[in-house]
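What's in protein.cif: mmCIF, C-alpha atoms
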```cif
data_query
#
loop_
_atom_site.group_PDB
_atom_site.id
_atom_site.type_symbol
_atom_site.label_atom_id
_atom_site.label_comp_id
_atom_site.auth_asym_id
_atom_site.auth_seq_id
_atom_site.Cartn_x
_atom_site.Cartn_y
_atom_site.Cartn_z
ATOM 1 C CA MET A 207 -20.543 14.511 -21.549
ATOM 2 C CA ASN A 208 -23.963 13.346 -20.536
ATOM 3 C CA PRO A 209 -24.903 14.692 -17.059
ATOM 4 C CA ALA A 210 -27.238 11.704 -16.608
ATOM 5 C CA ALA A 211 -24.143 9.494 -16.222
ATOM 6 C CA GLU A 212 -23.525 11.021 -12.778
ATOM 7 C CA GLY A 213 -23.724 8.306 -10.149
ATOM 8 C CA THR A 214 -22.669 5.490 -12.466
ATOM 9 C CA VAL A 215 -20.751 2.743 -10.626
ATOM 10 C CA TYR A 216 -18.442 0.580 -12.742
ATOM 11 C CA PRO A 217 -17.706 -3.100 -12.088
ATOM 12 C CA ASP A 218 -14.768 -3.841 -9.772
ATOM 13 C CA VAL A 219 -11.423 -4.336 -11.490
ATOM 14 C CA PRO A 220 -8.580 -6.225 -9.771
ATOM 15 C CA PHE A 221 -5.224 -4.460 -9.426
ATOM 16 C CA VAL A 222 -1.994 -6.182 -8.463
ATOM 17 C CA VAL A 223 0.589 -4.003 -6.692
ATOM 18 C CA ASP A 224 3.274 -5.500 -8.910
ATOM 19 C CA PRO A 225 6.734 -5.115 -7.314
ATOM 20 C CA ALA A 226 8.450 -4.679 -10.697
ATOM 21 C CA ARG A 227 6.066 -1.920 -11.648
ATOM 22 C CA VAL A 228 6.469 -0.256 -8.247
ATOM 23 C CA ALA A 229 10.234 -0.364 -8.746
ATOM 24 C CA ALA A 230 9.893 1.275 -12.172
ATOM 25 C CA PHE A 231 7.692 3.973 -10.617
ATOM 26 C CA ARG A 232 10.213 4.583 -7.816
ATOM 27 C CA LYS A 233 12.987 4.893 -10.383
ATOM 28 C CA VAL A 234 11.134 7.637 -12.255
ATOM 29 C CA PHE A 235 11.021 9.721 -9.071
ATOM 30 C CA GLY A 236 14.471 8.850 -7.781
ATOM 31 C CA VAL A 237 13.300 7.290 -4.525
ATOM 32 C CA SER A 238 14.765 4.165 -3.013
ATOM 33 C CA ASP A 239 12.156 2.343 -0.968
ATOM 34 C CA GLY A 240 8.441 1.754 -0.419
ATOM 35 C CA VAL A 241 5.384 2.219 -2.632
ATOM 36 C CA PRO A 242 5.250 5.890 -3.682
ATOM 37 C CA PRO A 243 1.947 7.469 -2.579
ATOM 38 C CA THR A 244 0.943 8.486 -6.091
ATOM 39 C CA PHE A 245 1.440 4.922 -7.358
ATOM 40 C CA VAL A 246 -2.332 4.611 -6.798
ATOM 41 C CA THR A 247 -2.641 6.297 -10.209
ATOM 42 C CA ALA A 248 -1.649 2.968 -11.767
ATOM 43 C CA ALA A 249 -4.744 1.397 -10.175
ATOM 44 C CA GLU A 250 -6.906 4.228 -11.470
ATOM 45 C CA PHE A 251 -5.609 3.670 -14.996
ATOM 46 C CA THR A 252 -6.696 0.044 -14.928
ATOM 47 C CA VAL A 253 -10.283 1.360 -14.632
ATOM 48 C CA PHE A 254 -10.209 4.585 -16.663
ATOM 49 C CA PRO A 255 -10.551 2.706 -19.989
ATOM 50 C CA HIS A 256 -14.000 1.521 -18.823
ATOM 51 C CA VAL A 257 -14.987 5.094 -17.939
ATOM 52 C CA ILE A 258 -13.477 6.711 -21.028
ATOM 53 C CA GLY A 259 -15.046 4.093 -23.284
ATOM 54 C CA ASP A 260 -18.510 4.290 -21.689
ATOM 55 C CA PRO A 261 -20.847 5.475 -24.471
ATOM 56 C CA ALA A 262 -23.395 6.553 -21.843
ATOM 57 C CA LEU A 263 -20.840 9.068 -20.493
ATOM 58 C CA GLY A 264 -19.734 10.389 -23.880
ATOM 59 C CA LEU A 265 -16.360 11.790 -22.780
ATOM 60 C CA ASP A 266 -14.002 13.030 -25.531
ATOM 61 C CA PHE A 267 -10.690 11.916 -24.018
ATOM 62 C CA SER A 268 -8.644 13.731 -26.676
ATOM 63 C CA ARG A 269 -9.797 17.000 -25.053
ATOM 64 C CA VAL A 270 -9.214 15.930 -21.443
ATOM 65 C CA LEU A 271 -6.766 17.546 -19.020
ATOM 66 C CA HIS A 272 -6.199 16.567 -15.391
ATOM 67 C CA GLY A 273 -7.703 19.261 -13.159
ATOM 68 C CA SER A 274 -7.010 18.028 -9.649
ATOM 69 C CA GLN A 275 -6.209 14.879 -7.687
ATOM 70 C CA GLU A 276 -6.606 13.712 -4.113
ATOM 71 C CA TYR A 277 -5.609 10.491 -2.359
ATOM 72 C CA VAL A 278 -6.700 9.563 1.162
ATOM 73 C CA TYR A 279 -4.966 6.517 2.641
ATOM 74 C CA GLU A 280 -6.275 4.178 5.334
ATOM 75 C CA ARG A 281 -3.054 2.191 5.230
ATOM 76 C CA PRO A 282 -0.042 1.811 2.941
ATOM 77 C CA LEU A 283 -0.294 -0.289 -0.210
ATOM 78 C CA ARG A 284 1.701 -3.506 0.074
ATOM 79 C CA GLU A 285 3.852 -4.817 -2.731
ATOM 80 C CA GLY A 286 2.440 -8.053 -4.134
ATOM 81 C CA GLU A 287 -1.121 -7.643 -2.843
ATOM 82 C CA THR A 288 -4.202 -7.638 -5.055
ATOM 83 C CA LEU A 289 -6.747 -4.875 -4.508
ATOM 84 C CA ARG A 290 -10.158 -4.298 -6.051
ATOM 85 C CA VAL A 291 -10.789 -0.931 -7.670
ATOM 86 C CA ARG A 292 -14.333 0.403 -7.834
ATOM 87 C CA ALA A 293 -15.021 3.586 -9.806
ATOM 88 C CA ARG A 294 -17.978 5.911 -9.413
ATOM 89 C CA ILE A 295 -18.847 9.044 -11.383
ATOM 90 C CA ASP A 296 -19.165 11.495 -8.530
ATOM 91 C CA SER A 297 -20.180 14.574 -10.500
ATOM 92 C CA ILE A 298 -20.495 16.046 -13.990
ATOM 93 C CA ARG A 299 -20.652 19.822 -14.366
ATOM 94 C CA HIS A 300 -20.405 22.217 -17.286
ATOM 95 C CA LYS A 301 -19.316 25.852 -17.460
ATOM 96 C CA GLY A 302 -20.035 26.975 -20.983
ATOM 97 C CA ASP A 303 -18.426 24.458 -23.340
ATOM 98 C CA THR A 304 -16.013 23.161 -20.691
ATOM 99 C CA GLY A 305 -16.929 19.987 -18.828
ATOM 100 C CA PHE A 306 -15.779 18.943 -15.341
ATOM 101 C CA LEU A 307 -15.865 15.255 -14.472
ATOM 102 C CA THR A 308 -15.088 13.954 -10.988
ATOM 103 C CA VAL A 309 -14.402 10.234 -10.632
ATOM 104 C CA VAL A 310 -13.976 8.636 -7.204
ATOM 105 C CA MET A 311 -12.278 5.258 -6.904
ATOM 106 C CA GLU A 312 -12.069 3.054 -3.833
ATOM 107 C CA LEU A 313 -9.262 0.529 -3.463
ATOM 108 C CA ARG A 314 -10.288 -2.346 -1.190
ATOM 109 C CA ASP A 315 -8.414 -5.384 0.070
ATOM 110 C CA ASP A 316 -9.500 -9.028 -0.037
ATOM 111 C CA GLU A 317 -11.542 -8.556 3.148
ATOM 112 C CA ASP A 318 -13.323 -5.545 1.646
ATOM 113 C CA ARG A 319 -11.474 -3.107 3.898
ATOM 114 C CA LEU A 320 -10.884 0.315 2.389
ATOM 115 C CA VAL A 321 -7.205 0.984 1.637
ATOM 116 C CA CYS A 322 -7.314 4.218 -0.345
ATOM 117 C CA THR A 323 -9.822 6.639 -1.845
ATOM 118 C CA ALA A 324 -8.785 8.447 -5.030
ATOM 119 C CA ARG A 325 -10.649 11.500 -6.308
ATOM 120 C CA SER A 326 -9.784 12.794 -9.795
ATOM 121 C CA GLN A 327 -11.180 15.822 -11.528
ATOM 122 C CA MET A 328 -10.891 15.817 -15.304
ATOM 123 C CA VAL A 329 -11.480 18.874 -17.462
ATOM 124 C CA GLU A 330 -12.966 18.330 -20.933
ATOM 125 C CA ARG A 331 -11.825 21.378 -22.869
ATOM 126 C CA ALA A 332 -14.144 23.120 -25.293
ATOM 127 C CA PRO A 333 -13.920 21.689 -28.844
ATOM 128 C CA MET B 47 -2.111 6.120 6.335
ATOM 129 C CA TYR B 48 0.842 5.727 4.097
ATOM 130 C CA ARG B 49 4.433 4.987 4.906
ATOM 131 C CA PRO B 50 6.629 7.215 2.791
ATOM 132 C CA ILE B 51 9.941 6.482 1.247
ATOM 133 C CA ALA B 52 12.921 6.766 3.533
ATOM 134 C CA ASP B 53 15.925 8.564 2.160
ATOM 135 C CA GLY B 54 17.330 9.526 5.522
ATOM 136 C CA GLY B 55 14.944 12.412 6.212
ATOM 137 C CA THR B 56 13.558 13.048 9.702
ATOM 138 C CA GLY B 57 11.766 16.329 9.075
ATOM 139 C CA ALA B 58 8.234 15.317 10.015
ATOM 140 C CA VAL B 59 9.040 14.210 13.561
ATOM 141 C CA SER B 60 10.671 17.547 14.438
ATOM 142 C CA ALA B 61 8.531 19.760 12.168
ATOM 143 C CA THR B 62 7.682 23.280 13.292
ATOM 144 C CA VAL B 63 4.990 25.609 11.962
ATOM 145 C CA GLY B 64 6.356 27.823 9.209
ATOM 146 C CA GLU B 65 9.257 25.494 8.432
ATOM 147 C CA GLU B 66 10.111 25.313 4.736
ATOM 148 C CA LEU B 67 10.863 21.955 3.131
ATOM 149 C CA PRO B 68 14.050 21.685 1.056
ATOM 150 C CA GLU B 69 13.199 22.542 -2.552
ATOM 151 C CA LEU B 70 13.469 19.571 -4.927
ATOM 152 C CA ARG B 71 14.313 20.457 -8.533
ATOM 153 C CA ARG B 72 14.470 18.390 -11.699
ATOM 154 C CA VAL B 73 14.589 19.071 -15.427
ATOM 155 C CA VAL B 74 11.800 17.176 -17.190
ATOM 156 C CA THR B 75 12.813 15.146 -20.244
ATOM 157 C CA ALA B 76 10.815 13.206 -22.822
ATOM 158 C CA ALA B 77 12.554 10.035 -21.620
ATOM 159 C CA ASP B 78 11.380 10.689 -18.038
ATOM 160 C CA VAL B 79 7.820 11.256 -19.201
ATOM 161 C CA ALA B 80 7.857 8.127 -21.374
ATOM 162 C CA ALA B 81 9.144 6.082 -18.425
ATOM 163 C CA TYR B 82 6.402 7.558 -16.265
ATOM 164 C CA ALA B 83 3.718 6.740 -18.871
ATOM 165 C CA GLU B 84 4.831 3.107 -18.820
ATOM 166 C CA ALA B 85 5.016 2.782 -15.025
ATOM 167 C CA GLY B 86 1.868 4.783 -14.293
ATOM 168 C CA GLY B 87 -0.212 3.417 -17.156
ATOM 169 C CA ASP B 88 -1.293 6.755 -18.662
ATOM 170 C CA ARG B 89 -0.324 6.492 -22.331
ATOM 171 C CA ASN B 90 -2.335 9.504 -23.487
ATOM 172 C CA PRO B 91 -0.543 10.692 -26.684
ATOM 173 C CA LEU B 92 -0.639 14.253 -25.332
ATOM 174 C CA HIS B 93 2.393 13.195 -23.265
ATOM 175 C CA LEU B 94 4.167 11.067 -25.861
ATOM 176 C CA ASP B 95 3.379 12.186 -29.412
ATOM 177 C CA GLU B 96 4.574 15.625 -30.592
ATOM 178 C CA ALA B 97 2.276 15.713 -33.614
ATOM 179 C CA PHE B 98 -0.759 14.827 -31.519
ATOM 180 C CA ALA B 99 0.092 17.423 -28.850
ATOM 181 C CA ARG B 100 0.370 20.133 -31.517
ATOM 182 C CA SER B 101 -2.906 19.019 -33.100
ATOM 183 C CA VAL B 102 -4.743 19.738 -29.831
ATOM 184 C CA GLY B 103 -3.215 23.179 -29.352
ATOM 185 C CA PHE B 104 0.012 22.674 -27.371
ATOM 186 C CA ASP B 105 3.545 23.641 -28.481
ATOM 187 C CA GLY B 106 4.665 20.042 -27.970
ATOM 188 C CA VAL B 107 4.202 17.186 -25.539
ATOM 189 C CA ILE B 108 3.561 18.099 -21.901
ATOM 190 C CA ALA B 109 4.289 16.156 -18.727
ATOM 191 C CA HIS B 110 1.455 14.308 -17.004
ATOM 192 C CA GLY B 111 -0.054 16.189 -14.082
ATOM 193 C CA MET B 112 0.676 13.013 -12.144
ATOM 194 C CA PHE B 113 4.360 13.253 -13.097
ATOM 195 C CA THR B 114 4.475 16.663 -11.451
ATOM 196 C CA MET B 115 2.476 15.419 -8.447
ATOM 197 C CA GLY B 116 4.793 12.422 -8.089
ATOM 198 C CA HIS B 117 7.722 14.840 -7.947
ATOM 199 C CA MET B 118 5.903 16.865 -5.276
ATOM 200 C CA ALA B 119 5.308 13.697 -3.262
ATOM 201 C CA ALA B 120 8.993 12.774 -3.550
ATOM 202 C CA ALA B 121 9.963 16.167 -2.125
ATOM 203 C CA VAL B 122 7.748 15.580 0.912
ATOM 204 C CA THR B 123 8.586 11.937 1.573
ATOM 205 C CA THR B 124 12.326 12.561 1.233
ATOM 206 C CA TRP B 125 12.043 15.296 3.854
ATOM 207 C CA ALA B 126 9.605 13.469 6.127
ATOM 208 C CA GLY B 127 11.563 10.298 6.866
ATOM 209 C CA GLU B 128 10.362 6.808 7.669
ATOM 210 C CA ASP B 129 8.748 7.665 11.022
ATOM 211 C CA ALA B 130 5.912 9.404 9.183
ATOM 212 C CA VAL B 131 2.923 8.043 7.278
ATOM 213 C CA ILE B 132 0.982 9.960 4.646
ATOM 214 C CA GLU B 133 -2.739 10.207 5.313
ATOM 215 C CA ARG B 134 -3.705 12.525 2.469
ATOM 216 C CA ILE B 135 -2.148 14.188 -0.567
ATOM 217 C CA THR B 136 -3.877 16.547 -2.952
ATOM 218 C CA ALA B 137 -2.983 18.856 -5.832
ATOM 219 C CA GLN B 138 -4.570 21.254 -8.283
ATOM 220 C CA PHE B 139 -2.987 21.299 -11.736
ATOM 221 C CA ARG B 140 -2.730 24.878 -12.981
ATOM 222 C CA ALA B 141 -0.135 24.965 -15.765
ATOM 223 C CA PRO B 142 1.361 22.488 -18.244
ATOM 224 C CA VAL B 143 5.059 21.535 -18.071
ATOM 225 C CA SER B 144 7.055 21.278 -21.313
ATOM 226 C CA MET B 145 10.101 19.121 -21.999
ATOM 227 C CA GLY B 146 13.371 20.735 -20.908
ATOM 228 C CA GLU B 147 11.771 22.845 -18.186
ATOM 229 C CA GLU B 148 12.962 22.711 -14.576
ATOM 230 C CA ILE B 149 10.230 22.048 -12.029
ATOM 231 C CA ARG B 150 10.719 22.994 -8.373
ATOM 232 C CA ALA B 151 8.717 21.293 -5.636
ATOM 233 C CA GLY B 152 8.438 22.946 -2.242
ATOM 234 C CA GLY B 153 6.333 23.173 0.865
ATOM 235 C CA THR B 154 5.695 24.995 4.118
ATOM 236 C CA VAL B 155 4.508 23.398 7.354
ATOM 237 C CA ARG B 156 1.089 24.902 8.099
ATOM 238 C CA ALA B 157 0.189 23.059 11.298
ATOM 239 C CA VAL B 158 1.602 20.553 13.774
ATOM 240 C CA GLU B 159 -0.781 19.049 16.317
ATOM 241 C CA ASN B 160 -1.005 15.716 18.132
ATOM 242 C CA GLY B 161 1.474 14.074 15.786
ATOM 243 C CA VAL B 162 -0.273 15.301 12.629
ATOM 244 C CA VAL B 163 1.711 17.558 10.292
ATOM 245 C CA ILE B 164 -0.110 19.539 7.598
ATOM 246 C CA ILE B 165 2.065 20.888 4.790
ATOM 247 C CA ASP B 166 1.098 23.334 2.042
ATOM 248 C CA THR B 167 2.916 22.239 -1.114
ATOM 249 C CA TRP B 168 3.431 23.414 -4.692
ATOM 250 C CA VAL B 169 5.420 22.931 -7.870
ATOM 251 C CA SER B 170 6.674 26.018 -9.701
ATOM 252 C CA VAL B 171 8.481 26.697 -12.963
ATOM 253 C CA GLU B 172 10.302 29.844 -14.152
ATOM 254 C CA ARG B 173 9.074 30.784 -17.591
ATOM 255 C CA GLY B 174 10.113 33.922 -19.450
ATOM 256 C CA GLY B 175 10.963 35.803 -16.264
ATOM 257 C CA THR B 176 7.746 34.925 -14.458
ATOM 258 C CA THR B 177 6.905 32.150 -12.024
ATOM 259 C CA GLU B 178 4.117 29.788 -13.009
ATOM 260 C CA TRP B 179 2.527 27.068 -10.928
ATOM 261 C CA PRO B 180 2.038 23.594 -12.430
ATOM 262 C CA ILE B 181 0.711 22.692 -8.955
ATOM 263 C CA LYS B 182 -0.939 25.149 -6.620
ATOM 264 C CA LYS B 183 -2.781 24.538 -3.366
ATOM 265 C CA GLY B 184 -1.162 21.157 -2.813
ATOM 266 C CA VAL B 185 -1.629 19.723 0.666
ATOM 267 C CA VAL B 186 0.053 16.764 2.341
ATOM 268 C CA VAL B 187 -1.112 15.442 5.711
ATOM 269 C CA LEU B 188 1.367 13.262 7.612
ATOM 270 C CA ARG B 189 1.127 11.412 10.904
ATOM 271 C CA THR B 190 4.327 10.868 12.831
ATOM 272 C CA SER B 191 4.431 7.496 14.522
ATOM 273 C CA ALA B 192 6.568 9.009 17.291
ATOM 274 C CA ASN B 193 3.543 10.912 18.599
ATOM 275 C CA SER B 194 0.546 8.914 17.474
#
```

Any chance you could put this one into structure tokens?
Amino acid sequence: MNPAAEGTVYPDVPFVVDPARVAAFRKVFGVSDGVPPTFVTAAEFTVFPHVIGDPALGLDFSRVLHGSQEYVYERPLREGETLRVRARIDSIRHKGDTGFLTVVMELRDDEDRLVCTARSQMVERAP
Amino acid sequence: MYRPIADGGTGAVSATVGEELPELRRVVTAADVAAYAEAGGDRNPLHLDEAFARSVGFDGVIAHGMFTMGHMAAAVTTWAGEDAVIERITAQFRAPVSMGEEIRAGGTVRAVENGVVIIDTWVSVERGGTTEWPIKKGVVVLRTSANS
């Protein structure tokens, strides 16, 4: 990974809280109602391809493990709504041959109000 | 804030410091993980393709960290009940989970103040006589609407 990519902000990507997809997610976890809190991961994965494929970042996704995850909610997600997802490379660190990438994503509604902040740390294992 | 799933729980409203959440167990299968990959959108072959997983040094496919975290969240929301909203949830992923293993999600109420409930959470697995921790240092912060 290229440390100079720290601070990169990626273009907003729309994300629909699709009721059918929410239902499939609920089914996996055996819950009956609502949008599961970790469903936000589906929004993150609409943007990750842009991050993973960014040649300026130079991440080798085949060596990536998920290190940690945090979600902070301002309000619940609503089934059927469309949110905008904005990703920022918060930090890039190395310890020896192991890389640590932190990506922060903001989910905002159609009036630009913050709905959720997602912070993911990815670990790029040594080759 | 986040309104959790209601499965009849009411634990958050009456939570007391030191209270342990009911442990939620499940055996992880390849079918579960494939269904999760589809719903969550993470189709990394590490979770789906045995040959690929072995080629990068694992004994076989492993569950997504987010599969394990989703299970942890289910344990909390099932306990908490619909009069609680989630404000924050966090996890550190410390060990991979293989197919056929039983994961156990649990938690302990750390603090209750002004309608806010802070819960320390984890996911463990028994492996060869020792306990390992796919998730350590998980935290869930809830607000109970009854007191807010």

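For Ala211 (chain A), the list of residues within 9 Å, based on all atoms listed in the file and with local chain neighbours fewer than 4 positions off taken out, reads Met207, Ala262, Leu263, Gly264, Ile295, Ser297 and Ile298 of chain A.
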
>> Near chain A, meaning an atom within 9 Å, which residues of chain B appear when counting all atoms listed in the file? Write them as a PyMOL selection string.
In response: chain B and resi 47-53+78-79+81-82+84-88+90-92+102+110-113+115-117+119-120+123-124+131-140

> So which residues touch Asp318 (chain A) within 12 Å, counting only C-alpha atoms, skipping near sequence neighbours fewer than 4 positions away, as a ChimeraX atom specification?
Replying inline: /A:218,288-292,312-314,322

Enclose the full set of atoms of region 217-232 of chain A listed in the file within a box whose edges lie along x, y and z, apply 5 Å of padding to each of the six sides, and report centre and edge lengths in Å to one decimal as JSON.
```
{"center_x": -3.7, "center_y": -0.8, "center_z": -9.4, "size_x": 37.9, "size_y": 20.8, "size_z": 15.5}
```

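With only C-alpha atoms as the atoms that count, the minimum distance from Met145 (chain B) to the choices B:Leu67, B:Ala126, B:Ile165, B:Val171 is reached by B:Val171.
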
Go through the shown structure with the PyMOL selection byres ((chain B and resi 166) around 12) and write out the matching residues as a JSON list (two decimals) with C-alpha atoms, in the coordinates of the input.
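File written: selection.json
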```json
[["chain", "number", "residue", "atom", "x", "y", "z"],
["B", 63, "VAL", "CA", 4.99, 25.61, 11.96],
["B", 64, "GLY", "CA", 6.36, 27.82, 9.21],
["B", 65, "GLU", "CA", 9.26, 25.49, 8.43],
["B", 66, "GLU", "CA", 10.11, 25.31, 4.74],
["B", 67, "LEU", "CA", 10.86, 21.96, 3.13],
["B", 118, "MET", "CA", 5.90, 16.86, -5.28],
["B", 119, "ALA", "CA", 5.31, 13.70, -3.26],
["B", 122, "VAL", "CA", 7.75, 15.58, 0.91],
["B", 134, "ARG", "CA", -3.70, 12.52, 2.47],
["B", 135, "ILE", "CA", -2.15, 14.19, -0.57],
["B", 136, "THR", "CA", -3.88, 16.55, -2.95],
["B", 137, "ALA", "CA", -2.98, 18.86, -5.83],
["B", 138, "GLN", "CA", -4.57, 21.25, -8.28],
["B", 151, "ALA", "CA", 8.72, 21.29, -5.64],
["B", 152, "GLY", "CA", 8.44, 22.95, -2.24],
["B", 153, "GLY", "CA", 6.33, 23.17, 0.86],
["B", 154, "THR", "CA", 5.70, 25.00, 4.12],
["B", 155, "VAL", "CA", 4.51, 23.40, 7.35],
["B", 156, "ARG", "CA", 1.09, 24.90, 8.10],
["B", 157, "ALA", "CA", 0.19, 23.06, 11.30],
["B", 163, "VAL", "CA", 1.71, 17.56, 10.29],
["B", 164, "ILE", "CA", -0.11, 19.54, 7.60],
["B", 165, "ILE", "CA", 2.06, 20.89, 4.79],
["B", 167, "THR", "CA", 2.92, 22.24, -1.11],
["B", 168, "TRP", "CA", 3.43, 23.41, -4.69],
["B", 169, "VAL", "CA", 5.42, 22.93, -7.87],
["B", 181, "ILE", "CA", 0.71, 22.69, -8.96],
["B", 182, "LYS", "CA", -0.94, 25.15, -6.62],
["B", 183, "LYS", "CA", -2.78, 24.54, -3.37],
["B", 184, "GLY", "CA", -1.16, 21.16, -2.81],
["B", 185, "VAL", "CA", -1.63, 19.72, 0.67],
["B", 186, "VAL", "CA", 0.05, 16.76, 2.34],
["B", 187, "VAL", "CA", -1.11, 15.44, 5.71],
["B", 188, "LEU", "CA", 1.37, 13.26, 7.61]]
```

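Here CA of Ala58 (chain B) and CA of Glu285 (chain A) stand 24.2 Å from one another.
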
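CA of Trp179 (chain B) lies 9.3 Å from CA of Ile149 (chain B).
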
> Using all atoms listed in the file, what residues lie at most 6 Å away from (-14.0, 7.9, -9.3) (file coordinates), given as a PyMOL selection string?
Replying inline: chain A and resi 293-295+309-311+325

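CA of Glu147 (chain B) is positioned 10.7 Å from CA of Ala76 (chain B).
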
>> Counting only C-alpha atoms, find residues at most 6 Å from (13.3, 20.2, -6.8) (file frame) and give them as a ChimeraX atom specification.
In response: /B:69-72,150-151

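For the file shown, the residue list from the PyMOL selection byres ((chain B and resi 173) around 12) reads Ala141, Pro142, Val143, Ser144, Gly146, Glu147, Glu148, Ile149, Ser170, Val171, Glu172, Gly174, Gly175, Thr176, Thr177, Glu178, Trp179 and Pro180 of chain B.
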
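For the structure shown here, the set of residues caught by the PyMOL selection byres ((chain B and resi 106) around 8) is B:Glu96, B:Ala97, B:Ala99, B:Arg100, B:Phe104, B:Asp105, B:Val107, B:Ile108, B:Ser144.
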
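Comparing the minimum interatomic distances between Pro209 (chain A) and each of A:Leu265, A:Leu320, A:Val223, A:Ala332, counting only C-alpha atoms, we find that A:Leu265 sits nearest.
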
> Which is closer to Thr75 (chain B) than all the others in B:Trp125, B:Asp95, B:Gly57, B:Ala109, using all atoms listed in the file?
Replying inline: B:Ala109

Can I get a file of region 252-274 of chain A from the given structure, C-alpha atoms kept, as an mmCIF file, in the first residue's frame?
```cif
data_model
loop_
_atom_site.group_PDB
_atom_site.id
_atom_site.type_symbol
_atom_site.label_atom_id
_atom_site.label_comp_id
_atom_site.auth_asym_id
_atom_site.auth_seq_id
_atom_site.Cartn_x
_atom_site.Cartn_y
_atom_site.Cartn_z
ATOM 1 C CA THR A 252 -20.888 -0.980 -2.760
ATOM 2 C CA VAL A 253 -17.858 1.325 -2.330
ATOM 3 C CA PHE A 254 -15.026 -1.086 -1.495
ATOM 4 C CA PRO A 255 -14.515 -2.038 -5.176
ATOM 5 C CA HIS A 256 -13.501 1.592 -5.846
ATOM 6 C CA VAL A 257 -11.031 1.493 -2.946
ATOM 7 C CA ILE A 258 -9.672 -1.978 -3.685
ATOM 8 C CA GLY A 259 -9.282 -1.145 -7.368
ATOM 9 C CA ASP A 260 -7.591 2.227 -6.785
ATOM 10 C CA PRO A 261 -4.117 1.909 -8.348
ATOM 11 C CA ALA A 262 -2.929 4.874 -6.261
ATOM 12 C CA LEU A 263 -3.633 2.842 -3.091
ATOM 13 C CA GLY A 264 -2.064 -0.393 -4.321
ATOM 14 C CA LEU A 265 -3.882 -2.755 -1.939
ATOM 15 C CA ASP A 266 -3.458 -6.513 -2.543
ATOM 16 C CA PHE A 267 -6.972 -7.659 -1.627
ATOM 17 C CA SER A 268 -6.029 -11.349 -1.828
ATOM 18 C CA ARG A 269 -3.960 -10.792 1.344
ATOM 19 C CA VAL A 270 -6.576 -8.760 3.226
ATOM 20 C CA LEU A 271 -8.234 -9.767 6.499
ATOM 21 C CA HIS A 272 -10.790 -7.746 8.454
ATOM 22 C CA GLY A 273 -9.113 -6.370 11.584
ATOM 23 C CA SER A 274 -11.858 -4.414 13.304
#
```
